[in-house]
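Comments concern the structure below.
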Amino acid sequence: PLGDALAPTFAAQDVVTVMHSAGEDLEAMAPYLPDGPHTLFDTQIASAFVGMGLGISYRALVAELVGAELDKGETRSDWLQRPLTESQKLYATLDVVHLHPVHAILSERLAERGRSAWHAEDCARMKRRASQREGDPQPQRGVKAAADWPMEKQALLRRALRWRELTARALDKPKSWLLEDVQAVDLVGNLPATLASLDDRTRGTRALRSAQRQELFDLLHRPLDDAEIEATAPIVGHPVGEAKRAINDMRSAVDTLAAQLDLPPGLLCARRSMEEFAMTKTWPEALEGWRRGVLYDRLSPLLPD
């Protein structure tokens with residue numbers, strides 16, 4: 001099996017696996033490497049820590065650091081076909097051949113800035129997120145349209161979205177092919193009375209076949225228990241009033257600190273984390289680790305009364 005071939009090289013040994021923007025690749029590898037590679041070095045994250053901006057492409061990174069121009073002619077070709085064409089094989093080879101010198105240069109720059117530990121922590125966080133067997137345990141938090149719903153409805157939305165995650169993984173299909181967020185909100189907000197109604201309201205969904213429709217219908221109508229409701233994290237809605245003013249103050253503080261540290265503000269603290277902190281007054285999990293050390297004392301005094 002593929003896992004038996006990958007694990008001895010990437011997982012069992014104390015080796016560094018160098019990848020660029022590794023999130024989706026780690027998720028694809030998860031069935032074969034459940035805990036990911038032993039040590040991950042993400043070059044896109046590293047480039048942000050050394051002043052090259054958020055989200056730099058691999059092509060731009062290689063051009064900047066190595067001086068090589070990568071041919072991207074096969075980017076949109078059919079990578080599901082087998083066998084791969086010679087052109088695709090060459091493209092894939094060239095896409096990784098520069099990773100070693102890029103890793104060396106970025107490692108040196110991280111060390112010069114004293115950012116090596118921060119980068120390693122963010123890579124480890126990415127690895128943990130990709131290895132979550134059931135995906136995000138609280139996916140409803142990303143659906144602000146349901147923020148005003150009673151907790152029973154939020155719990156049911158969580159149930160539907162977690163089912164979507166698990167089913168998409170089992171089928172190896174994109175989540176949106178099973179159920180869009182807007183469809184989930186519509187179905188939970190106004191439960192389909194019959195299976196035929198569910199069919200009508202989800203027509204055209206690419207991976208939602210009869211078996212999945214029956215599963216979805218059943219889980220929408222299965223009663224909630226107290227434990228499931230209690231386990232549901234409340235959805236943070238759109239900030240208003242004092243919370244909105246606090247978030248603006250936090251954003252100014254983050255921008256100032258980011259400039260001092262020469263980091264992109266979005267890398268230091270995402271806006272959604274500020275919103276979560278301002279509205280729940282609970283320190284977000286996304287800001288644990290090195291971010292707590294540099295942000296907590298600056299943001300806590302800005303919380304609304």
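Chain labels run A, B, ... following the order of the structure tokens; each chain numbers its residues from 1, and ligands are numbered from 1 in the order shown.
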Practice item. Show which residues sit within 9 Å of Val15 of chain A, as a ChimeraX atom specification. Count only C-alpha atoms, and ignore same-chain residues fewer than 6 positions away. Key: /A:9,37-40
Residues within 12 Å of segment 144-161 of chain A, please, as a short mmCIF file (atom, residue, chain, number, x, y, z; two decimals) with all heavy atoms, in the first residue's frame. Count only C-alpha atoms; anything in the same chain fewer than 6 positions from it doesn't count.
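Output below, filename part.cif:
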data_model
loop_
_atom_site.label_atom_id
_atom_site.label_comp_id
_atom_site.auth_asym_id
_atom_site.auth_seq_id
_atom_site.Cartn_x
_atom_site.Cartn_y
_atom_site.Cartn_z
N GLU A 134 -11.75 13.81 11.61
CA GLU A 134 -13.13 14.18 11.34
C GLU A 134 -13.25 15.65 10.92
O GLU A 134 -14.33 16.22 10.94
CB GLU A 134 -13.99 13.92 12.58
CG GLU A 134 -14.02 12.45 12.98
CD GLU A 134 -14.93 12.20 14.17
OE1 GLU A 134 -15.54 13.17 14.66
OE2 GLU A 134 -15.04 11.05 14.60
N GLY A 135 -12.13 16.26 10.55
CA GLY A 135 -12.18 17.64 10.12
C GLY A 135 -12.44 18.59 11.28
O GLY A 135 -12.23 18.26 12.46
N ASP A 136 -12.89 19.77 10.97
CA ASP A 136 -13.18 20.80 11.98
C ASP A 136 -14.29 20.31 12.90
O ASP A 136 -15.39 20.00 12.44
CB ASP A 136 -13.60 22.08 11.27
CG ASP A 136 -13.84 23.24 12.23
OD1 ASP A 136 -13.72 23.03 13.46
OD2 ASP A 136 -14.16 24.34 11.76
N PRO A 137 -14.04 20.23 14.21
CA PRO A 137 -15.09 19.75 15.12
C PRO A 137 -16.23 20.76 15.32
O PRO A 137 -17.29 20.41 15.82
CB PRO A 137 -14.34 19.51 16.44
CG PRO A 137 -13.16 20.42 16.37
CD PRO A 137 -12.77 20.48 14.92
N GLN A 138 -16.00 22.01 14.91
CA GLN A 138 -17.03 23.04 15.07
C GLN A 138 -17.22 23.81 13.75
O GLN A 138 -17.04 25.02 13.68
CB GLN A 138 -16.63 24.02 16.19
CG GLN A 138 -16.42 23.40 17.55
CD GLN A 138 -17.72 22.95 18.21
OE1 GLN A 138 -18.81 23.33 17.80
NE2 GLN A 138 -17.61 22.14 19.25
N THR A 167 -18.58 12.40 5.09
CA THR A 167 -19.05 11.76 3.87
C THR A 167 -18.18 12.15 2.68
O THR A 167 -17.86 11.32 1.83
CB THR A 167 -20.52 12.12 3.60
OG1 THR A 167 -21.31 11.79 4.75
CG2 THR A 167 -21.06 11.38 2.40
N ALA A 168 -17.79 13.42 2.61
CA ALA A 168 -16.91 13.87 1.53
C ALA A 168 -15.58 13.13 1.56
O ALA A 168 -15.03 12.74 0.53
CB ALA A 168 -16.70 15.37 1.63
N LYS A 175 -16.35 18.86 -0.48
CA LYS A 175 -17.51 19.03 0.39
C LYS A 175 -18.66 19.73 -0.34
O LYS A 175 -19.83 19.39 -0.14
CB LYS A 175 -17.12 19.82 1.64
CG LYS A 175 -16.21 19.07 2.58
CD LYS A 175 -15.92 19.87 3.83
CE LYS A 175 -15.08 21.08 3.53
NZ LYS A 175 -14.66 21.78 4.78
N SER A 176 -18.32 20.70 -1.17
CA SER A 176 -19.36 21.47 -1.86
C SER A 176 -20.14 20.60 -2.85
O SER A 176 -21.25 20.96 -3.24
CB SER A 176 -18.74 22.66 -2.60
OG SER A 176 -17.79 22.21 -3.56
N LEU A 178 -21.33 17.79 -2.10
CA LEU A 178 -22.38 17.18 -1.29
C LEU A 178 -23.40 18.21 -0.82
O LEU A 178 -24.61 17.98 -0.90
CB LEU A 178 -21.77 16.49 -0.07
CG LEU A 178 -21.21 15.09 -0.27
CD1 LEU A 178 -20.33 14.72 0.92
CD2 LEU A 178 -22.32 14.07 -0.42
N LEU A 179 -22.89 19.33 -0.34
CA LEU A 179 -23.79 20.32 0.25
C LEU A 179 -23.05 21.64 0.38
O LEU A 179 -21.99 21.72 1.01
CB LEU A 179 -24.23 19.84 1.65
CG LEU A 179 -25.52 20.39 2.25
CD1 LEU A 179 -26.73 20.01 1.40
CD2 LEU A 179 -25.69 19.85 3.67
N GLU A 180 -23.59 22.67 -0.24
CA GLU A 180 -23.05 24.01 -0.05
C GLU A 180 -23.48 24.54 1.31
O GLU A 180 -24.50 24.12 1.86
CB GLU A 180 -23.56 24.95 -1.16
CG GLU A 180 -23.17 24.56 -2.57
CD GLU A 180 -21.79 25.07 -2.95
OE1 GLU A 180 -21.12 25.67 -2.07
OE2 GLU A 180 -21.40 24.87 -4.11
N ASP A 181 -22.72 25.50 1.85
CA ASP A 181 -23.09 26.11 3.13
C ASP A 181 -24.50 26.68 3.07
O ASP A 181 -25.30 26.51 4.00
CB ASP A 181 -22.11 27.22 3.50
CG ASP A 181 -20.80 26.67 4.06
OD1 ASP A 181 -20.71 25.44 4.26
OD2 ASP A 181 -19.88 27.47 4.31
N VAL A 182 -24.81 27.36 1.97
CA VAL A 182 -26.13 28.00 1.87
C VAL A 182 -27.24 26.95 1.85
O VAL A 182 -28.33 27.18 2.39
CB VAL A 182 -26.19 28.91 0.62
CG1 VAL A 182 -26.08 28.10 -0.66
CG2 VAL A 182 -27.44 29.76 0.63
N GLN A 183 -26.96 25.78 1.26
CA GLN A 183 -27.95 24.71 1.27
C GLN A 183 -28.14 24.15 2.68
O GLN A 183 -29.26 23.87 3.11
CB GLN A 183 -27.52 23.58 0.32
CG GLN A 183 -27.60 23.93 -1.15
CD GLN A 183 -27.07 22.81 -2.01
OE1 GLN A 183 -25.97 22.28 -1.79
NE2 GLN A 183 -27.84 22.41 -3.02
N ALA A 184 -27.03 24.00 3.41
CA ALA A 184 -27.12 23.50 4.78
C ALA A 184 -27.94 24.44 5.64
O ALA A 184 -28.79 24.00 6.43
CB ALA A 184 -25.72 23.31 5.36
N VAL A 185 -27.70 25.73 5.49
CA VAL A 185 -28.47 26.72 6.26
C VAL A 185 -29.95 26.64 5.90
O VAL A 185 -30.83 26.68 6.78
CB VAL A 185 -27.92 28.14 5.99
CG1 VAL A 185 -28.86 29.20 6.57
CG2 VAL A 185 -26.53 28.28 6.60
N ASP A 186 -30.24 26.50 4.62
CA ASP A 186 -31.64 26.43 4.18
C ASP A 186 -32.33 25.18 4.72
O ASP A 186 -33.46 25.26 5.22
CB ASP A 186 -31.68 26.43 2.65
CG ASP A 186 -33.09 26.19 2.10
OD1 ASP A 186 -33.97 27.01 2.40
OD2 ASP A 186 -33.29 25.19 1.41
N LEU A 187 -31.65 24.04 4.67
CA LEU A 187 -32.27 22.79 5.09
C LEU A 187 -32.47 22.74 6.60
O LEU A 187 -33.51 22.25 7.08
CB LEU A 187 -31.41 21.60 4.64
CG LEU A 187 -31.34 21.36 3.13
CD1 LEU A 187 -30.31 20.28 2.82
CD2 LEU A 187 -32.70 20.97 2.57
N VAL A 188 -31.50 23.23 7.36
CA VAL A 188 -31.62 23.22 8.82
C VAL A 188 -32.61 24.28 9.28
O VAL A 188 -33.39 24.06 10.21
CB VAL A 188 -30.25 23.42 9.48
CG1 VAL A 188 -30.39 23.54 10.99
CG2 VAL A 188 -29.32 22.25 9.14
N GLY A 189 -32.59 25.42 8.62
CA GLY A 189 -33.50 26.49 9.00
C GLY A 189 -34.95 26.16 8.70
O GLY A 189 -35.86 26.62 9.40
N ASN A 190 -35.17 25.39 7.65
CA ASN A 190 -36.53 25.01 7.26
C ASN A 190 -36.49 23.53 6.85
O ASN A 190 -36.31 23.20 5.69
CB ASN A 190 -37.01 25.89 6.10
CG ASN A 190 -38.41 25.56 5.66
OD1 ASN A 190 -39.19 24.96 6.40
ND2 ASN A 190 -38.74 25.94 4.44
N LEU A 191 -36.66 22.65 7.83
CA LEU A 191 -36.47 21.22 7.60
C LEU A 191 -37.38 20.69 6.51
O LEU A 191 -38.57 21.00 6.48
CB LEU A 191 -36.74 20.45 8.90
CG LEU A 191 -35.75 20.62 10.04
CD1 LEU A 191 -36.23 19.86 11.26
CD2 LEU A 191 -34.36 20.16 9.63
N GLN A 212 -26.93 9.05 0.03
CA GLN A 212 -26.53 10.18 0.86
C GLN A 212 -27.73 11.08 1.21
O GLN A 212 -27.81 11.62 2.31
CB GLN A 212 -25.46 11.02 0.14
CG GLN A 212 -24.10 10.35 0.07
CD GLN A 212 -24.04 9.28 -0.99
OE1 GLN A 212 -24.53 9.47 -2.11
NE2 GLN A 212 -23.43 8.15 -0.67
N ARG A 213 -28.69 11.20 0.28
CA ARG A 213 -29.87 11.99 0.58
C ARG A 213 -30.66 11.36 1.73
O ARG A 213 -31.17 12.05 2.61
CB ARG A 213 -30.75 12.13 -0.67
CG ARG A 213 -30.23 13.14 -1.68
CD ARG A 213 -31.28 13.43 -2.76
NE ARG A 213 -30.90 14.56 -3.58
CZ ARG A 213 -30.17 14.48 -4.70
NH1 ARG A 213 -29.75 13.27 -5.10
NH2 ARG A 213 -29.85 15.54 -5.40
N GLU A 215 -29.44 9.46 4.13
CA GLU A 215 -28.66 9.69 5.35
C GLU A 215 -28.88 11.11 5.87
O GLU A 215 -29.08 11.32 7.06
CB GLU A 215 -27.16 9.48 5.07
CG GLU A 215 -26.72 8.05 4.94
CD GLU A 215 -25.22 7.95 4.73
OE1 GLU A 215 -24.51 8.95 5.01
OE2 GLU A 215 -24.75 6.89 4.29
N LEU A 216 -28.81 12.07 4.96
CA LEU A 216 -28.97 13.47 5.35
C LEU A 216 -30.37 13.72 5.89
O LEU A 216 -30.54 14.40 6.92
CB LEU A 216 -28.68 14.37 4.14
CG LEU A 216 -28.84 15.87 4.36
CD1 LEU A 216 -27.97 16.37 5.50
CD2 LEU A 216 -28.52 16.63 3.07
N PHE A 217 -31.37 13.18 5.23
CA PHE A 217 -32.74 13.36 5.70
C PHE A 217 -32.91 12.77 7.10
O PHE A 217 -33.50 13.41 7.99
CB PHE A 217 -33.72 12.68 4.73
CG PHE A 217 -35.17 12.86 5.10
CD1 PHE A 217 -35.84 14.03 4.78
CD2 PHE A 217 -35.86 11.86 5.76
CE1 PHE A 217 -37.18 14.20 5.11
CE2 PHE A 217 -37.19 12.02 6.11
CZ PHE A 217 -37.85 13.19 5.78
N ASP A 218 -32.37 11.60 7.33
CA ASP A 218 -32.50 10.95 8.63
C ASP A 218 -31.81 11.74 9.73
O ASP A 218 -32.35 11.91 10.83
CB ASP A 218 -31.94 9.53 8.59
CG ASP A 218 -32.78 8.59 7.73
OD1 ASP A 218 -33.95 8.94 7.45
OD2 ASP A 218 -32.27 7.52 7.34
N LEU A 219 -30.61 12.25 9.46
CA LEU A 219 -29.88 12.96 10.52
C LEU A 219 -30.52 14.32 10.81
O LEU A 219 -30.47 14.82 11.94
CB LEU A 219 -28.40 13.10 10.18
CG LEU A 219 -27.90 14.08 9.13
CD1 LEU A 219 -27.72 15.48 9.67
CD2 LEU A 219 -26.57 13.59 8.56
N LEU A 220 -31.15 14.93 9.79
CA LEU A 220 -31.84 16.19 10.03
C LEU A 220 -33.04 16.02 10.95
O LEU A 220 -33.43 16.94 11.67
CB LEU A 220 -32.28 16.81 8.70
CG LEU A 220 -31.18 17.41 7.82
CD1 LEU A 220 -31.74 17.82 6.47
CD2 LEU A 220 -30.52 18.61 8.50
N HIS A 221 -33.64 14.84 10.92
CA HIS A 221 -34.85 14.60 11.70
C HIS A 221 -34.59 13.79 12.98
O HIS A 221 -35.54 13.58 13.75
CB HIS A 221 -35.90 13.90 10.83
CG HIS A 221 -36.51 14.80 9.81
ND1 HIS A 221 -37.59 15.61 10.08
CD2 HIS A 221 -36.17 15.04 8.51
CE1 HIS A 221 -37.91 16.30 9.00
NE2 HIS A 221 -37.06 15.97 8.03
N ARG A 222 -33.36 13.38 13.18
CA ARG A 222 -33.05 12.65 14.41
C ARG A 222 -32.98 13.63 15.58
O ARG A 222 -32.32 14.67 15.48
CB ARG A 222 -31.72 11.91 14.27
CG ARG A 222 -31.44 10.93 15.42
CD ARG A 222 -30.21 10.10 15.16
NE ARG A 222 -28.98 10.88 15.23
CZ ARG A 222 -28.17 11.06 14.22
NH1 ARG A 222 -28.43 10.54 13.02
NH2 ARG A 222 -27.07 11.77 14.37
N PRO A 223 -33.65 13.36 16.69
CA PRO A 223 -33.68 14.31 17.81
C PRO A 223 -32.28 14.59 18.36
O PRO A 223 -31.40 13.72 18.35
CB PRO A 223 -34.55 13.60 18.86
CG PRO A 223 -35.36 12.62 18.08
CD PRO A 223 -34.50 12.17 16.94
N LEU A 224 -32.11 15.81 18.84
CA LEU A 224 -30.86 16.20 19.49
C LEU A 224 -30.95 15.85 20.97
O LEU A 224 -32.02 15.94 21.58
CB LEU A 224 -30.65 17.71 19.35
CG LEU A 224 -30.32 18.24 17.95
CD1 LEU A 224 -30.74 19.69 17.82
CD2 LEU A 224 -28.83 18.11 17.65
N ASP A 225 -29.78 15.50 21.54
CA ASP A 225 -29.77 15.32 22.99
C ASP A 225 -29.01 16.47 23.63
O ASP A 225 -28.35 17.27 22.95
CB ASP A 225 -29.17 13.97 23.39
CG ASP A 225 -27.76 13.77 22.86
OD1 ASP A 225 -27.00 14.76 22.79
OD2 ASP A 225 -27.41 12.63 22.52
N ASP A 226 -29.10 16.58 24.95
CA ASP A 226 -28.49 17.71 25.66
C ASP A 226 -26.98 17.75 25.45
O ASP A 226 -26.39 18.84 25.32
CB ASP A 226 -28.80 17.63 27.15
CG ASP A 226 -30.28 17.85 27.45
OD1 ASP A 226 -30.97 18.44 26.59
OD2 ASP A 226 -30.73 17.45 28.54
N ALA A 227 -26.34 16.58 25.40
CA ALA A 227 -24.88 16.55 25.25
C ALA A 227 -24.45 17.13 23.90
O ALA A 227 -23.44 17.85 23.82
CB ALA A 227 -24.38 15.11 25.38
N GLU A 228 -25.21 16.85 22.85
CA GLU A 228 -24.85 17.36 21.53
C GLU A 228 -25.02 18.88 21.48
O GLU A 228 -24.20 19.58 20.87
CB GLU A 228 -25.71 16.69 20.46
CG GLU A 228 -25.25 16.94 19.04
CD GLU A 228 -25.98 16.11 18.01
OE1 GLU A 228 -26.91 15.36 18.39
OE2 GLU A 228 -25.63 16.20 16.82
N ILE A 229 -26.04 19.38 22.13
CA ILE A 229 -26.25 20.83 22.17
C ILE A 229 -25.14 21.50 22.98
O ILE A 229 -24.58 22.53 22.57
CB ILE A 229 -27.64 21.15 22.76
CG1 ILE A 229 -28.73 20.60 21.85
CG2 ILE A 229 -27.80 22.66 22.95
CD1 ILE A 229 -30.12 20.69 22.44
N GLU A 230 -24.81 20.90 24.11
CA GLU A 230 -23.78 21.47 24.97
C GLU A 230 -22.41 21.46 24.31
O GLU A 230 -21.58 22.35 24.54
CB GLU A 230 -23.72 20.69 26.29
CG GLU A 230 -22.82 21.31 27.33
CD GLU A 230 -22.88 20.60 28.67
OE1 GLU A 230 -23.89 19.90 28.91
OE2 GLU A 230 -21.95 20.74 29.46
N ALA A 231 -22.17 20.49 23.44
CA ALA A 231 -20.87 20.38 22.77
C ALA A 231 -20.74 21.34 21.60
O ALA A 231 -19.66 21.44 20.99
CB ALA A 231 -20.67 18.95 22.26
N THR A 232 -21.80 22.05 21.27
CA THR A 232 -21.79 22.97 20.13
C THR A 232 -21.31 24.36 20.56
O THR A 232 -21.91 24.98 21.45
CB THR A 232 -23.19 23.07 19.51
OG1 THR A 232 -23.61 21.77 19.08
CG2 THR A 232 -23.18 24.02 18.32
N ALA A 233 -20.24 24.83 19.94
CA ALA A 233 -19.74 26.17 20.24
C ALA A 233 -20.64 27.21 19.58
O ALA A 233 -20.96 27.08 18.39
CB ALA A 233 -18.31 26.32 19.74
N PRO A 234 -21.07 28.24 20.30
CA PRO A 234 -21.94 29.25 19.70
C PRO A 234 -21.27 29.93 18.51
O PRO A 234 -20.06 30.18 18.52
CB PRO A 234 -22.16 30.25 20.85
CG PRO A 234 -21.84 29.49 22.09
CD PRO A 234 -20.78 28.50 21.71
N ILE A 235 -22.04 30.22 17.51
CA ILE A 235 -21.53 30.92 16.33
C ILE A 235 -21.36 32.40 16.67
O ILE A 235 -22.26 33.04 17.22
CB ILE A 235 -22.50 30.76 15.14
CG1 ILE A 235 -22.66 29.27 14.79
CG2 ILE A 235 -22.00 31.53 13.93
CD1 ILE A 235 -23.76 29.01 13.77
N VAL A 236 -20.20 32.93 16.34
CA VAL A 236 -19.93 34.35 16.57
C VAL A 236 -20.46 35.14 15.38
O VAL A 236 -20.05 34.92 14.24
CB VAL A 236 -18.41 34.60 16.75
CG1 VAL A 236 -18.14 36.08 16.92
CG2 VAL A 236 -17.89 33.81 17.95
N GLY A 237 -21.38 36.04 15.65
CA GLY A 237 -22.02 36.80 14.58
C GLY A 237 -21.21 38.02 14.17
O GLY A 237 -20.03 38.17 14.52
N HIS A 238 -21.84 38.90 13.44
CA HIS A 238 -21.17 40.13 13.00
C HIS A 238 -21.09 41.11 14.17
O HIS A 238 -22.07 41.33 14.88
CB HIS A 238 -21.94 40.76 11.84
CG HIS A 238 -21.94 39.92 10.59
ND1 HIS A 238 -20.84 39.81 9.78
CD2 HIS A 238 -22.90 39.11 10.04
CE1 HIS A 238 -21.11 38.99 8.77
NE2 HIS A 238 -22.34 38.56 8.90
N PRO A 239 -19.93 41.70 14.40
CA PRO A 239 -19.78 42.59 15.55
C PRO A 239 -20.54 43.90 15.37
O PRO A 239 -20.63 44.44 14.26
CB PRO A 239 -18.27 42.85 15.61
CG PRO A 239 -17.81 42.63 14.20
CD PRO A 239 -18.69 41.55 13.64
N ARG A 272 -10.76 37.29 11.93
CA ARG A 272 -11.76 36.43 12.56
C ARG A 272 -11.37 36.09 14.00
O ARG A 272 -12.24 35.88 14.85
CB ARG A 272 -11.99 35.16 11.75
CG ARG A 272 -10.81 34.24 11.61
CD ARG A 272 -11.16 33.01 10.80
NE ARG A 272 -10.01 32.14 10.58
CZ ARG A 272 -9.16 32.29 9.57
NH1 ARG A 272 -9.33 33.26 8.69
NH2 ARG A 272 -8.13 31.46 9.44
N GLU A 275 -12.32 39.08 16.09
CA GLU A 275 -13.76 39.09 16.30
C GLU A 275 -14.16 38.07 17.36
O GLU A 275 -14.98 38.36 18.25
CB GLU A 275 -14.48 38.79 14.98
CG GLU A 275 -14.34 39.87 13.93
CD GLU A 275 -15.09 39.54 12.65
OE1 GLU A 275 -15.60 38.39 12.55
OE2 GLU A 275 -15.15 40.39 11.76
N GLU A 276 -13.58 36.89 17.29
CA GLU A 276 -13.90 35.85 18.28
C GLU A 276 -13.53 36.31 19.68
O GLU A 276 -14.30 36.14 20.63
CB GLU A 276 -13.16 34.56 17.92
CG GLU A 276 -13.45 33.41 18.87
CD GLU A 276 -12.71 32.14 18.49
OE1 GLU A 276 -12.23 32.04 17.34
OE2 GLU A 276 -12.62 31.25 19.36
N MET A 279 -15.86 39.25 20.95
CA MET A 279 -17.27 38.92 21.16
C MET A 279 -17.49 37.81 22.19
O MET A 279 -18.54 37.73 22.79
CB MET A 279 -17.91 38.57 19.83
CG MET A 279 -17.90 39.73 18.85
SD MET A 279 -18.69 39.37 17.27
CE MET A 279 -20.41 39.29 17.76
#
| Secondary structure check, helix (DSSP H, G or I) residues of segment 145-221 of chain A, as a PyMOL selection string | chain A and resi 145-146+151-171+175-177+181-189+195-201+210-221
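Our summary of the geometry notes that atom CA of Ala46 of chain A is positioned 20.8 Å from atom CA of Arg271 of chain A.
The coordinates place atom CA of Ile45 of chain A at 10.9 Å from atom CA of Pro264 of chain A.
Rounded to one decimal, atom CA of Glu74 of chain A and atom CA of His20 of chain A lie 17.6 Å from each other.
Among A:Cys123, A:Ala117, A:Leu110, A:Val97, the residue with the shortest atom-to-atom distance to Gly51 of chain A, counting only C-alpha atoms, is A:Leu110.
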Residues near Val240 of chain A, anyone? I mean within 12 Å using only C-alpha atoms, not counting same-chain ones fewer than 5 positions away, as a PyMOL selection string.
chain A and resi 245-248+275+278-279+304
